[in-house]
file data.json (JSON, C-alpha atoms)
[["chain", "number", "residue", "atom", "x", "y", "z"],
["A", 129, "MET", "CA", 60.65, 171.41, 81.34],
["A", 130, "GLU", "CA", 59.87, 168.97, 84.13],
["A", 131, "ARG", "CA", 61.38, 165.50, 83.76],
["A", 132, "LEU", "CA", 59.84, 162.24, 84.90],
["A", 133, "THR", "CA", 62.59, 161.80, 87.48],
["A", 134, "ASP", "CA", 61.69, 165.19, 88.98],
["A", 135, "LEU", "CA", 58.50, 163.60, 90.29],
["A", 136, "PRO", "CA", 58.41, 161.84, 93.67],
["A", 137, "ASN", "CA", 58.73, 158.05, 93.46],
["A", 138, "ILE", "CA", 60.13, 158.05, 89.91],
["A", 139, "GLY", "CA", 63.64, 156.66, 89.86],
["A", 140, "PRO", "CA", 65.68, 155.64, 86.83],
["A", 141, "LYS", "CA", 64.05, 152.19, 86.42],
["A", 142, "LEU", "CA", 60.46, 153.43, 86.58],
["A", 143, "ALA", "CA", 61.35, 156.35, 84.29],
["A", 144, "GLU", "CA", 62.79, 153.82, 81.82],
["A", 145, "ASN", "CA", 59.57, 151.77, 81.98],
["A", 146, "LEU", "CA", 57.52, 154.91, 81.42],
["A", 147, "GLU", "CA", 59.57, 155.86, 78.38],
["A", 148, "LYS", "CA", 59.29, 152.32, 76.94],
["A", 149, "ALA", "CA", 55.52, 152.68, 77.33],
["A", 150, "GLY", "CA", 55.58, 155.97, 75.43],
["A", 151, "ILE", "CA", 55.25, 158.26, 78.45],
["A", 152, "LYS", "CA", 57.97, 160.88, 78.16],
["A", 153, "THR", "CA", 56.69, 163.74, 80.32],
["A", 154, "PRO", "CA", 54.93, 164.24, 83.65],
["A", 155, "ASP", "CA", 52.11, 166.00, 81.82],
["A", 156, "ARG", "CA", 51.53, 162.92, 79.67],
["A", 157, "LEU", "CA", 51.42, 160.75, 82.80],
["A", 158, "ARG", "CA", 48.75, 162.99, 84.31],
["A", 159, "GLU", "CA", 46.87, 163.31, 81.02],
["A", 160, "LEU", "CA", 46.53, 159.56, 80.47],
["A", 161, "GLY", "CA", 45.86, 158.73, 84.09],
["A", 162, "VAL", "CA", 47.74, 156.44, 86.41],
["A", 163, "GLU", "CA", 45.74, 153.29, 85.71],
["A", 164, "GLU", "CA", 46.14, 153.59, 81.92],
["A", 165, "VAL", "CA", 49.86, 154.29, 82.24],
["A", 166, "PHE", "CA", 50.30, 151.27, 84.50],
["A", 167, "LEU", "CA", 48.55, 149.01, 81.99],
["A", 168, "ARG", "CA", 50.82, 150.34, 79.25],
["A", 169, "ILE", "CA", 53.88, 149.60, 81.37],
["A", 170, "ARG", "CA", 52.68, 146.04, 81.94],
["A", 171, "ALA", "CA", 52.00, 145.55, 78.23],
["A", 172, "GLN", "CA", 55.06, 147.25, 76.78],
["A", 173, "ALA", "CA", 57.84, 147.43, 79.36],
["A", 174, "ASP", "CA", 57.47, 145.18, 82.39],
["A", 175, "ALA", "CA", 54.88, 142.42, 82.50],
["A", 176, "ALA", "CA", 55.75, 141.86, 86.17],
["A", 177, "ALA", "CA", 54.96, 145.45, 87.22],
["A", 178, "CYS", "CA", 53.27, 145.31, 90.62],
["A", 179, "LEU", "CA", 51.08, 147.29, 92.97],
["A", 180, "HIS", "CA", 54.14, 149.14, 94.30],
["A", 181, "GLN", "CA", 54.76, 150.63, 90.86],
["A", 182, "LEU", "CA", 51.09, 151.57, 90.53],
["A", 183, "GLU", "CA", 51.18, 153.33, 93.90],
["A", 184, "ALA", "CA", 54.43, 155.05, 92.94],
["A", 185, "LEU", "CA", 52.80, 156.35, 89.77],
["A", 186, "ALA", "CA", 49.74, 157.56, 91.68],
["A", 187, "GLY", "CA", 51.91, 159.40, 94.17],
["A", 188, "ALA", "CA", 54.00, 160.88, 91.37],
["A", 189, "ALA", "CA", 50.89, 162.15, 89.60],
["A", 190, "GLU", "CA", 49.74, 163.77, 92.85],
["A", 191, "GLY", "CA", 53.21, 165.08, 93.69],
["A", 192, "VAL", "CA", 53.56, 163.09, 96.92],
["A", 193, "HIS", "CA", 55.50, 160.08, 98.17],
["A", 194, "LYS", "CA", 53.44, 156.92, 97.74],
["A", 195, "ARG", "CA", 53.24, 156.37, 101.49],
["A", 196, "LEU", "CA", 51.20, 159.60, 101.71],
["A", 197, "LEU", "CA", 48.41, 158.29, 99.49],
["A", 198, "SER", "CA", 45.15, 158.00, 101.38],
["A", 199, "PRO", "CA", 43.97, 154.55, 102.44],
["A", 200, "GLU", "CA", 40.97, 155.04, 100.15],
["A", 201, "ARG", "CA", 43.19, 155.76, 97.14],
["A", 202, "LYS", "CA", 45.40, 152.75, 97.93],
["A", 203, "ALA", "CA", 42.30, 150.52, 98.13],
["A", 204, "GLU", "CA", 41.06, 151.95, 94.84],
["A", 205, "LEU", "CA", 44.36, 151.18, 93.16],
["A", 206, "LYS", "CA", 44.47, 147.68, 94.60],
["A", 207, "ALA", "CA", 40.99, 146.94, 93.23]]
call {"tool": "encode", "arguments": {"input": "data.json", "output": "structure tokens"}}
result
Amino acid sequence: MERLTDLPNIGPKLAENLEKAGIKTPDRLRELGVEEVFLRIRAQADAAACLHQLEALAGAAEGVHKRLLSPERKAELKA
């Protein structure tokens, strides 16, 4: 079974925030969608979660480092 920390960009702190928000598997992250998961993190784990965490989640869901997200995707996330 794949763990959250097996995904790119997901270190111990972000994995902890995900678990506090009820996200325990990579499949659940992908199922709910990055934006929904980020909102849950802000509401339930870390009210100060920032764009960097959102980009990290997006990269993790796509299986790439966040710096490899397209400029369009980064703009979409920022909006």
call {"tool": "closest_residue", "arguments": {"input": "data.json", "among": "A:Asp155, A:Glu183, A:Glu163, A:Glu200", "to": "Asp134 of chain A", "atoms": "only C-alpha atoms"}}
result
A:Asp155
call {"tool": "closest_residue", "arguments": {"input": "data.json", "among": "A:Ala184, A:Cys178, A:Ala171, A:Ala189", "to": "Leu157 of chain A", "atoms": "only C-alpha atoms"}}
result
A:Ala189
call {"tool": "closest_residue", "arguments": {"input": "data.json", "among": "A:Arg131, A:Lys202, A:Lys148, A:Arg168", "to": "Ala186 of chain A", "atoms": "all atoms listed in the file"}}
result
A:Lys202
call {"tool": "atom_distance", "arguments": {"input": "data.json", "atom1": "atom CA of Leu182 of chain A", "atom2": "atom CA of Gly139 of chain A"}}
result
13.6 Å
call {"tool": "closest_residue", "arguments": {"input": "data.json", "among": "A:Lys152, A:Lys194, A:Arg158, A:Lys206", "to": "Leu179 of chain A", "atoms": "only C-alpha atoms"}}
result
A:Lys206
call {"tool": "atom_distance", "arguments": {"input": "data.json", "atom1": "atom CA of Glu190 of chain A", "atom2": "atom CA of Leu142 of chain A"}}
result
16.2 Å
call {"tool": "atom_distance", "arguments": {"input": "data.json", "atom1": "atom CA of Gln172 of chain A", "atom2": "atom CA of Pro199 of chain A"}}
result
28.9 Å
call {"tool": "residues_around", "arguments": {"input": "data.json", "residues": "Ala188 of chain A", "least_positions_apart": "3", "cutoff": "9 Å", "atoms": "only C-alpha atoms", "output": "NGL selection string"}}
result
:A and (132 or 135-138 or 154 or 157 or 183-185 or 191-194)
call {"tool": "write_last_selection", "arguments": {"input": "data.json", "atoms": "C-alpha atoms", "output": "PDB file, keeping the file's coordinate frame"}}
result
ATOM      1  CA  LEU A 132      59.840 162.240  84.900  1.00  0.00           C
ATOM      2  CA  LEU A 135      58.500 163.600  90.290  1.00  0.00           C
ATOM      3  CA  PRO A 136      58.410 161.840  93.670  1.00  0.00           C
ATOM      4  CA  ASN A 137      58.730 158.050  93.460  1.00  0.00           C
ATOM      5  CA  ILE A 138      60.130 158.050  89.910  1.00  0.00           C
ATOM      6  CA  PRO A 154      54.930 164.240  83.650  1.00  0.00           C
ATOM      7  CA  LEU A 157      51.420 160.750  82.800  1.00  0.00           C
ATOM      8  CA  GLU A 183      51.180 153.330  93.900  1.00  0.00           C
ATOM      9  CA  ALA A 184      54.430 155.050  92.940  1.00  0.00           C
ATOM     10  CA  LEU A 185      52.800 156.350  89.770  1.00  0.00           C
ATOM     11  CA  GLY A 191      53.210 165.080  93.690  1.00  0.00           C
ATOM     12  CA  VAL A 192      53.560 163.090  96.920  1.00  0.00           C
ATOM     13  CA  HIS A 193      55.500 160.080  98.170  1.00  0.00           C
ATOM     14  CA  LYS A 194      53.440 156.920  97.740  1.00  0.00           C
TER      15      LYS A 194
END
call {"tool": "axis_aligned_box", "arguments": {"input": "data.json", "around": "segment 163-173 of chain A", "padding_each_side": "4 Å", "output": "JSON"}}
result
{"center_x": 51.8, "center_y": 149.9, "center_z": 81.2, "size_x": 20.1, "size_y": 16.7, "size_z": 16.9}
call {"tool": "residues_around", "arguments": {"input": "data.json", "residues": "Asp174 of chain A", "least_positions_apart": "6", "cutoff": "12 Å", "atoms": "all atoms listed in the file", "output": "compact mmCIF listing (two decimals) with C-alpha atoms, in the coordinates of the input"}}
result
# COMPACT_ATOMS: atom_id res chain seq x y z
CA LYS A 141 64.05 152.19 86.42
CA LEU A 142 60.46 153.43 86.58
CA ALA A 143 61.35 156.35 84.29
CA GLU A 144 62.79 153.82 81.82
CA ASN A 145 59.57 151.77 81.98
CA LEU A 146 57.52 154.91 81.42
CA GLU A 147 59.57 155.86 78.38
CA LYS A 148 59.29 152.32 76.94
CA ALA A 149 55.52 152.68 77.33
CA VAL A 165 49.86 154.29 82.24
CA PHE A 166 50.30 151.27 84.50
CA LEU A 167 48.55 149.01 81.99
CA ARG A 168 50.82 150.34 79.25
CA GLN A 181 54.76 150.63 90.86
call {"tool": "decode", "arguments": {"input": "data.json", "residues": "segment 159-177 of chain A", "atoms": "N, CA and C atoms", "output": "compact mmCIF listing (two decimals), in the first residue's frame"}}
result
# COMPACT_ATOMS: atom_id res chain seq x y z
N GLU A 159 -8.73 11.35 -4.97
CA GLU A 159 -10.18 11.24 -5.06
C GLU A 159 -10.87 12.55 -4.71
N LEU A 160 -10.44 13.18 -3.63
CA LEU A 160 -11.06 14.43 -3.19
C LEU A 160 -10.64 15.63 -4.03
N GLY A 161 -9.45 15.57 -4.56
CA GLY A 161 -8.94 16.70 -5.33
C GLY A 161 -8.11 17.63 -4.46
N VAL A 162 -7.11 18.18 -5.04
CA VAL A 162 -6.12 18.98 -4.34
C VAL A 162 -6.75 20.19 -3.64
N GLU A 163 -7.62 20.89 -4.32
CA GLU A 163 -8.20 22.10 -3.75
C GLU A 163 -9.03 21.77 -2.51
N GLU A 164 -9.85 20.72 -2.58
CA GLU A 164 -10.66 20.31 -1.43
C GLU A 164 -9.78 19.89 -0.26
N VAL A 165 -8.74 19.14 -0.55
CA VAL A 165 -7.84 18.68 0.50
C VAL A 165 -7.15 19.88 1.16
N PHE A 166 -6.73 20.83 0.37
CA PHE A 166 -6.09 22.02 0.92
C PHE A 166 -7.03 22.78 1.85
N LEU A 167 -8.27 22.93 1.45
CA LEU A 167 -9.26 23.61 2.30
C LEU A 167 -9.47 22.86 3.60
N ARG A 168 -9.47 21.54 3.54
CA ARG A 168 -9.61 20.73 4.76
C ARG A 168 -8.40 20.93 5.68
N ILE A 169 -7.22 20.98 5.10
CA ILE A 169 -6.02 21.22 5.90
C ILE A 169 -6.13 22.57 6.61
N ARG A 170 -6.54 23.58 5.87
CA ARG A 170 -6.65 24.92 6.48
C ARG A 170 -7.70 24.95 7.58
N ALA A 171 -8.77 24.20 7.42
CA ALA A 171 -9.85 24.20 8.41
C ALA A 171 -9.55 23.31 9.62
N GLN A 172 -8.82 22.22 9.40
CA GLN A 172 -8.70 21.22 10.46
C GLN A 172 -7.29 21.02 11.00
N ALA A 173 -6.28 21.49 10.29
CA ALA A 173 -4.92 21.16 10.72
C ALA A 173 -3.99 22.37 10.81
N ASP A 174 -4.06 23.27 9.84
CA ASP A 174 -3.10 24.37 9.79
C ASP A 174 -3.74 25.57 9.09
N ALA A 175 -4.30 26.46 9.89
CA ALA A 175 -4.98 27.63 9.33
C ALA A 175 -4.04 28.53 8.52
N ALA A 176 -2.74 28.38 8.74
CA ALA A 176 -1.75 29.20 8.04
C ALA A 176 -1.19 28.51 6.80
N ALA A 177 -1.78 27.38 6.40
CA ALA A 177 -1.29 26.68 5.20
C ALA A 177 -1.27 27.66 4.02
